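Novice: So here's upload_39.csv (CSV, C-alpha atoms and all ligand atoms).
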chain,number,residue,atom,x,y,z
A,912,MET,CA,-4.6,9.9,32.6
A,913,MET,CA,-3.2,8.3,29.5
A,914,ASP,CA,-4.9,9.3,26.2
A,915,GLN,CA,-6.7,6.5,24.4
A,916,PRO,CA,-4.3,4.7,22.1
A,917,LEU,CA,-3.7,6.0,18.6
A,918,ARG,CA,-5.5,3.6,16.3
A,919,ILE,CA,-3.5,2.6,13.2
A,920,ALA,CA,-5.0,0.5,10.4
A,921,LEU,CA,-2.6,-1.9,8.7
A,922,THR,CA,-3.1,-3.6,5.4
A,923,LYS,CA,-3.4,-7.4,6.0
A,924,GLY,CA,-1.1,-9.6,4.1
A,925,ARG,CA,1.9,-8.4,2.1
A,926,LEU,CA,2.4,-5.1,3.9
A,927,GLU,CA,1.6,-6.4,7.4
A,928,LYS,CA,5.0,-8.1,8.0
A,929,ASP,CA,7.0,-5.1,6.9
A,930,THR,CA,4.9,-2.7,9.0
A,931,VAL,CA,5.3,-4.8,12.1
A,932,ALA,CA,9.0,-5.1,11.5
A,933,LEU,CA,9.1,-1.3,11.2
A,934,PHE,CA,7.3,-0.9,14.6
A,935,GLU,CA,9.7,-3.4,16.2
A,936,SER,CA,12.7,-1.5,14.8
A,937,LEU,CA,11.2,1.6,16.6
A,938,GLY,CA,11.4,-0.5,19.8
A,939,TYR,CA,7.7,-1.4,20.2
A,940,ASP,CA,6.6,-4.7,21.5
A,941,CYS,CA,4.4,-6.3,18.9
A,942,THR,CA,3.9,-9.7,20.6
A,943,ALA,CA,0.1,-9.3,20.5
A,944,VAL,CA,0.2,-8.8,16.7
A,945,HIS,CA,2.4,-11.9,16.3
A,946,GLU,CA,0.0,-13.9,18.5
A,947,LYS,CA,-3.2,-12.5,17.0
A,948,GLY,CA,-4.9,-15.7,16.0
A,949,ARG,CA,-8.1,-14.5,14.3
A,950,ARG,CA,-8.3,-11.2,16.3
A,951,LEU,CA,-8.4,-8.0,14.3
A,952,ILE,CA,-7.7,-5.3,16.9
A,953,LEU,CA,-4.4,-5.7,18.7
A,954,PRO,CA,-2.7,-3.5,21.3
A,955,ILE,CA,0.9,-2.2,21.2
A,956,PRO,CA,0.8,-1.0,24.8
A,957,ASP,CA,4.3,0.5,25.0
A,958,GLY,CA,3.6,2.7,22.0
A,959,ASN,CA,0.1,3.6,23.2
A,960,LEU,CA,-1.0,2.2,19.8
A,961,GLU,CA,-3.8,0.0,18.7
A,962,VAL,CA,-3.4,-2.0,15.5
A,963,VAL,CA,-6.4,-2.7,13.3
A,964,LEU,CA,-6.0,-5.3,10.5
A,965,ALA,CA,-8.0,-4.6,7.4
A,966,LYS,CA,-8.0,-5.0,3.6
A,967,ALA,CA,-6.3,-2.1,1.7
A,968,ALA,CA,-9.4,-0.3,0.5
A,969,ASP,CA,-10.9,-0.6,4.0
A,970,VAL,CA,-7.8,0.9,5.6
A,971,ILE,CA,-8.5,4.0,3.6
A,972,THR,CA,-12.2,4.0,4.4
A,973,TYR,CA,-11.5,3.7,8.2
A,974,VAL,CA,-8.9,6.5,8.1
A,975,GLU,CA,-11.1,8.7,6.0
A,976,HIS,CA,-14.0,8.3,8.4
A,977,GLY,CA,-11.7,9.0,11.4
A,978,VAL,CA,-12.4,5.7,13.2
A,979,CYS,CA,-8.7,5.0,12.7
A,980,ASP,CA,-6.2,7.9,13.2
A,981,MET,CA,-3.6,6.5,10.8
A,982,GLY,CA,-3.0,3.8,8.3
A,983,VAL,CA,-0.5,1.9,6.3
A,984,VAL,CA,-1.6,1.2,2.7
A,985,GLY,CA,-0.2,0.8,-0.8
A,986,LYS,CA,0.0,3.8,-3.2
A,987,ASP,CA,-1.9,1.6,-5.6
A,988,THR,CA,-5.1,1.6,-3.5
A,989,LEU,CA,-4.6,5.3,-2.7
A,990,MET,CA,-4.4,6.2,-6.4
A,991,GLU,CA,-7.5,4.2,-7.1
A,992,MET,CA,-9.6,5.6,-4.2
A,993,ASN,CA,-8.5,9.2,-4.1
A,994,GLY,CA,-9.5,9.6,-0.4
A,995,LYS,CA,-9.6,12.8,1.6
A,996,LEU,CA,-6.6,12.2,4.0
A,997,PHE,CA,-3.0,13.2,4.5
A,998,GLU,CA,-0.3,11.0,2.9
A,999,MET,CA,2.6,11.6,5.3
A,1000,VAL,CA,5.4,9.2,4.7
A,1001,ASN,CA,6.6,7.1,1.8
A,1002,LEU,CA,7.6,4.0,3.8
A,1003,GLY,CA,9.8,2.6,1.0
A,1004,PHE,CA,8.7,-1.1,1.3
A,1005,GLY,CA,6.0,-2.8,-0.6
A,1006,LYS,CA,7.6,-1.7,-3.8
A,1007,CYS,CA,6.0,-2.6,-7.1
A,1008,LYS,CA,4.6,-0.8,-10.1
A,1009,PHE,CA,1.4,-0.4,-12.1
A,1010,ALA,CA,2.0,-1.4,-15.7
A,1011,LEU,CA,0.1,-1.8,-18.9
A,1012,ALA,CA,0.7,-5.3,-20.2
A,1013,ALA,CA,-0.4,-7.4,-23.2
A,1014,LYS,CA,0.3,-10.7,-24.8
A,1015,LYS,CA,3.9,-11.0,-25.9
A,1016,ASP,CA,4.6,-9.2,-29.2
A,1017,TYR,CA,1.0,-7.9,-29.3
A,1018,PRO,CA,1.0,-4.6,-31.3
A,1019,PHE,CA,-1.0,-2.8,-28.6
A,1020,TYR,CA,-0.7,0.7,-30.0
A,1021,ASP,CA,-1.3,-0.3,-33.6
A,1022,GLY,CA,-4.6,0.3,-35.4
A,1023,PHE,CA,-7.4,2.8,-34.6
A,1024,GLY,CA,-10.1,0.6,-33.0
A,1025,VAL,CA,-11.0,1.3,-29.3
A,1026,LYS,CA,-8.9,-1.0,-27.1
A,1027,THR,CA,-10.4,-3.0,-24.2
A,1028,ILE,CA,-8.5,-3.0,-21.0
A,1029,ALA,CA,-9.1,-5.3,-18.1
A,1030,THR,CA,-8.2,-4.2,-14.6
A,1031,LYS,CA,-8.9,-4.2,-10.9
A,1032,TYR,CA,-8.1,-0.5,-11.0
A,1033,PRO,CA,-10.6,1.3,-13.3
A,1034,ASN,CA,-9.8,4.8,-12.0
A,1035,VAL,CA,-6.0,4.5,-12.4
A,1036,THR,CA,-6.6,3.0,-15.9
A,1037,ARG,CA,-9.0,5.8,-16.9
A,1038,SER,CA,-6.7,8.6,-15.9
A,1039,PHE,CA,-3.7,6.9,-17.5
A,1040,PHE,CA,-5.4,6.7,-20.9
A,1041,GLU,CA,-7.0,10.1,-20.5
A,1042,ARG,CA,-3.4,11.6,-20.2
A,1043,LYS,CA,-2.7,9.9,-23.6
A,1044,ASN,CA,-6.0,11.2,-25.1
A,1045,MET,CA,-6.8,7.6,-25.9
A,1046,ASP,CA,-10.3,6.3,-25.7
A,1047,VAL,CA,-10.5,2.8,-24.2
A,1048,ASP,CA,-13.2,0.4,-22.9
A,1049,ILE,CA,-12.5,-0.6,-19.3
A,1050,VAL,CA,-13.7,-4.0,-17.9
A,1051,LYS,CA,-13.5,-4.4,-14.1
A,1052,ILE,CA,-12.0,-7.7,-13.0
A,1053,GLU,CA,-11.6,-8.8,-9.4
A,1054,GLY,CA,-8.4,-10.8,-9.5
A,1055,SER,CA,-6.0,-12.7,-11.7
A,1056,VAL,CA,-6.5,-10.0,-14.3
A,1057,GLU,CA,-3.8,-11.7,-16.5
A,1058,LEU,CA,-6.5,-14.1,-17.6
A,1059,ALA,CA,-8.5,-11.5,-19.6
A,1060,PRO,CA,-6.1,-11.1,-22.6
A,1061,LEU,CA,-5.5,-14.8,-22.6
A,1062,LEU,CA,-9.2,-15.5,-22.8
A,1063,GLY,CA,-9.7,-12.9,-25.5
A,1064,LEU,CA,-11.7,-10.5,-23.3
A,1065,ALA,CA,-9.1,-7.6,-23.4
A,1066,ASP,CA,-6.3,-6.2,-25.5
A,1067,GLY,CA,-4.4,-5.4,-22.4
A,1068,ILE,CA,-4.4,-5.1,-18.7
A,1069,VAL,CA,-3.4,-2.5,-16.2
A,1070,ASP,CA,-2.2,-4.3,-13.1
A,1071,ILE,CA,0.4,-4.6,-10.4
A,1072,VAL,CA,3.8,-6.0,-11.4
A,1073,GLU,CA,6.2,-7.0,-8.7
A,1074,THR,CA,8.7,-9.6,-9.9
A,1075,GLY,CA,7.2,-10.0,-13.3
A,1076,THR,CA,6.8,-13.7,-12.8
A,1077,THR,CA,3.0,-13.8,-13.3
A,1078,LEU,CA,3.2,-11.9,-16.6
A,1079,LYS,CA,6.1,-14.1,-17.8
A,1080,GLU,CA,4.5,-17.4,-16.9
A,1081,ASN,CA,1.4,-16.5,-18.8
A,1082,GLY,CA,3.0,-15.2,-22.0
A,1083,LEU,CA,2.4,-11.6,-21.3
A,1084,GLU,CA,4.8,-8.6,-21.2
A,1085,VAL,CA,4.9,-5.0,-20.0
A,1086,VAL,CA,3.9,-2.5,-22.8
A,1087,GLU,CA,4.5,0.6,-20.6
A,1088,ASP,CA,5.0,1.5,-17.0
A,1089,VAL,CA,2.1,3.5,-15.4
A,1090,ALA,CA,3.3,4.4,-11.9
A,1091,GLN,CA,5.7,3.3,-9.2
A,1092,ILE,CA,4.1,2.0,-6.0
A,1093,SER,CA,5.1,1.6,-2.4
A,1094,ALA,CA,3.5,1.6,1.1
A,1095,ARG,CA,2.5,5.0,2.5
A,1096,LEU,CA,1.7,6.2,6.1
A,1097,ILE,CA,-1.7,8.0,5.9
A,1098,VAL,CA,-3.3,10.2,8.6
A,1099,ASN,CA,-6.9,11.3,9.1
A,1100,THR,CA,-7.2,15.1,8.7
A,1101,VAL,CA,-9.0,15.7,12.0
A,1102,SER,CA,-6.8,13.4,14.0
A,1103,LEU,CA,-3.8,15.3,12.8
A,1104,LYS,CA,-5.2,18.5,14.3
A,1105,MET,CA,-6.6,16.9,17.5
A,1106,ARG,CA,-3.6,14.7,18.3
A,1107,GLN,CA,-0.9,16.6,16.4
A,1108,LYS,CA,1.9,16.2,18.9
A,1109,GLU,CA,1.6,12.4,19.2
A,1110,ILE,CA,1.2,11.9,15.5
A,1111,GLU,CA,4.0,14.1,14.5
A,1112,ALA,CA,6.3,12.5,17.0
A,1113,LEU,CA,5.5,9.0,15.6
A,1114,VAL,CA,5.9,10.3,12.0
A,1115,ARG,CA,9.3,11.7,12.9
A,1116,LYS,CA,10.4,8.5,14.5
A,1117,VAL,CA,9.2,6.5,11.4
A,1118,GLU,CA,11.0,9.0,9.1
A,1119,GLU,CA,14.3,8.8,11.0
A,1120,GLN,CA,14.1,5.0,11.1
A,1121,ILE,CA,13.5,4.8,7.3
A,1122,ASN,CA,16.4,7.2,6.6
A,1123,ASP,CA,18.7,5.2,8.9
A,1124,GLN,CA,17.8,2.0,7.0
A,1125,LYS,CA,18.4,3.7,3.7
A,1126,ASN,CA,21.9,4.9,4.8
A,1127,HIS,CA,22.8,1.4,6.0
A,1128,MET,CA,21.9,-0.3,2.7
B,1201,LIG,C1,-0.8,-9.4,-7.9
B,1201,LIG,C2,-1.0,-8.8,-9.3
B,1201,LIG,C3,-0.3,-9.8,-10.2
B,1201,LIG,C4,0.8,-10.3,-9.3
B,1201,LIG,C5,2.1,-9.7,-9.7
B,1201,LIG,O1,-1.8,-10.3,-7.7
B,1201,LIG,O2,-2.3,-8.6,-9.6
B,1201,LIG,O3,-1.2,-10.8,-10.5
B,1201,LIG,O4,0.5,-10.0,-7.9
B,1201,LIG,O5,3.2,-10.2,-9.0
B,1201,LIG,P1,4.5,-10.7,-9.8
B,1201,LIG,O6,4.9,-9.6,-10.8
B,1201,LIG,O7,5.5,-10.8,-8.7
B,1201,LIG,O8,4.2,-12.0,-10.4
B,1201,LIG,P2,-2.2,-10.9,-6.2
B,1201,LIG,O9,-1.3,-11.9,-5.9
B,1201,LIG,O10,-2.3,-9.7,-5.3
B,1201,LIG,O11,-3.6,-11.5,-6.5
B,1201,LIG,P3,-4.8,-11.2,-7.5
B,1201,LIG,O12,-4.4,-11.6,-8.9
B,1201,LIG,O13,-6.0,-12.0,-7.0
B,1201,LIG,O14,-5.0,-9.7,-7.4
Please lay out the structure from this file as structure tokens.
Ligand code: PRP
Specialist:
Amino acid sequence: MMDQPLRIALTKGRLEKDTVALFESLGYDCTAVHEKGRRLILPIPDGNLEVVLAKAADVITYVEHGVCDMGVVGKDTLMEMNGKLFEMVNLGFGKCKFALAAKKDYPFYDGFGVKTIATKYPNVTRSFFERKNMDVDIVKIEGSVELAPLLGLADGIVDIVETGTTLKENGLEVVEDVAQISARLIVNTVSLKMRQKEIEALVRKVEEQINDQKNHM
């Protein structure tokens, strides 16, 4: 009898396309994912896989709780959530960075007053400024964080920068890089023990494919 499929949670949106392309390069038929409509659980029968589409933070929650065996999620969300799971492969795509940014020419490090930082990532922000021994007030914002310094709510932001266009078009600039980000393949700790052979085989295939791609660039 065939084992039940390995369930893998994918981050909807930006990382989804790259992940599906990776599976297709491994030879898996992802027709069901392409034709998903509004469905959220899709089979990849020839890989004995089942794809679950979720938001980044939920990918981590599902993998941590073991209802998904594996997941693909950005290092940004992993750094913010600090989940109990194995980070197995740096997939190389979904590249961007966390950066501290402020209004152009704003003397961010001048003066002794406590600075206010707006961010969607309070934990990443806290540990960045702790490493600098710098006391800051953190304000949690849900999206378009670039607004906060423009509206006078914050001295700076800690946010994701990909092309830099959003900063530029809003008169902001990077003050300092915080961390490099890319997509990671994560695995539930119990799944790795229970289904070690299958998971390790898939991880190996993924690693080989990524190395191949690197060598052909
Ligand atoms: C992200 C990030 C920046 C933008 C950076 O936002 O928060 O706003 O992308 O990309 P760029 O450097 O290529 O301009 P996202 O589109 O995820 O939406 P959000 O602002 O609602 O978080």
Novice: Counting all atoms listed in the file, figure out which residue out of A:Ile1110, A:Leu1062, A:Leu989, A:Cys1007 gets nearest to A:Pro916.
Specialist: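 When distances to A:Pro916 are compared using all atoms listed in the file, the smallest one comes from A:Ile1110.
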Novice: Where does chain A meet ligand LIG 1201 (chain B) within 7 Å, residue by residue, with the nearest atom pair and distance in Å to one decimal for each, counting all atoms listed in the file, listed by chain and rising number, as CSV?
Specialist:
residue,atom,partner,partner_atom,distance
A:Glu1053,CA,B:LIG1201,O13,6.9
A:Gly1054,CA,B:LIG1201,O13,3.7
A:Ser1055,CA,B:LIG1201,O12,3.4
A:Val1056,CA,B:LIG1201,O12,6.0
A:Glu1057,CA,B:LIG1201,O3,6.6
A:Asp1070,CA,B:LIG1201,O2,5.5
A:Ile1071,CA,B:LIG1201,C2,4.6
A:Val1072,CA,B:LIG1201,O6,3.8
A:Glu1073,CA,B:LIG1201,O6,3.6
A:Thr1074,CA,B:LIG1201,O7,3.6
A:Gly1075,CA,B:LIG1201,O6,3.4
A:Thr1076,CA,B:LIG1201,O8,3.9
A:Thr1077,CA,B:LIG1201,O8,3.6
A:Leu1078,CA,B:LIG1201,O8,6.3
Novice: Rounded to one decimal in Å, what is the spacing between atom CA of A:Ile919 and atom CA of A:Val1101?
Specialist: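 Computed distance, atom CA of A:Ile919 to atom CA of A:Val1101, equals 14.3 Å.
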Novice: I'd like to know which of A:Gly1024, A:Gly1003, A:Gly994, A:Tyr1017 is closest to A:Tyr973, using all atoms listed in the file.
Specialist: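 Selected residue with least distance to A:Tyr973: A:Gly994.
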Novice: Measuring atom to atom with only C-alpha atoms, identify which of A:Ala932, A:Leu951, A:Tyr939, A:Ala920 is nearest to A:Ala968.
Specialist: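 Of all the options, A:Ala920 lies closest to A:Ala968.
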Novice: If you count only C-alpha atoms, which residues fall within 9 Å of A:Lys1014, apart from same-chain ones fewer than 4 positions away, as a VMD selection string?
Specialist: chain A and resid 1018 to 1019 1060 to 1061 1066 to 1067 1078 1081 to 1085
Novice: With distances taken over only C-alpha atoms, which residue among A:Glu927, A:Leu1011, A:Asp940, A:Ile1028 lies nearest A:Gly1063?
Specialist: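 So, comparing all the options, the nearest one is A:Ile1028.
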Novice: Atom CA of A:Val1047 and atom CA of A:Phe1023 are how many Å apart?
Specialist: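 One can read the atom CA of A:Val1047 to atom CA of A:Phe1023 distance as 10.9 Å.
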